[in-house]
Structure formats: C-alpha cells, structure tokens
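Asks: Structure in structure tokens, see below.
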Amino acid sequence: MGLFFRKIDPEKDSTYRRWLNSILVIAMLVNLVNSLFLNWRWLYITVTAVMAVVAILIFKEYQGEN
C-alpha cells in the first residue's frame with residue numbers, strides 16, 4: 001500500500017507514470033460517484049476492471065524501485 005502513498009518526484013517520474021497514477025485516481029472517483037448517486041452496475045464493473053488493469057501496470061512500472 002505504500003506504493004500509492006510514496007512521495008513522487010516529478011523530475012524522475014515519466015509522463016507514463018504520472019498518467020497511470022492519474023487514471024487510477026480518476027477511476028476511483030468515478031466509482032465513488034457511481035456508488036453514491038447512480039448505482040449503475042455496468043459502470044461499476046467496467047471501472048473496476050479498468051482499475052485492476054491500471055493497478056497491475058503501476059505495480060509493474062514501480063517493481064524494481066525501493
């Protein structure tokens with residue numbers, strides 16, 4: 001869990017990494033709004049699948065770092 005809360009150095013991080021982190025946050029917010037107001041099952045399933053793929057890509061991207 002520390003991976004998501006680490007301090008990000010903008011000079012070291014690539015555009016791809018920043019894009020992945022941003023997409024994950026946006027997907028979480030979409031799921032939150034959906035669960036609070038819309039309650040559309042298809043949107044929940046789709047965004048959860050997107051979050052899973054993005055999380056896997058983030059773990060692969062940061063795998064070798066401490």
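In the structure tokens, each chain is lettered A, B, ... as it comes, each chain's residues begin at 1, and ligands are numbered from 1 in order of appearance.
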Skip segment 25-38 of chain A itself and residues of its chain fewer than 3 positions away, then list as an MDAnalysis selection string all residues within 12 Å of it, counting only C-alpha atoms.
Replies: chainID A and resid 4 18:22 41:55
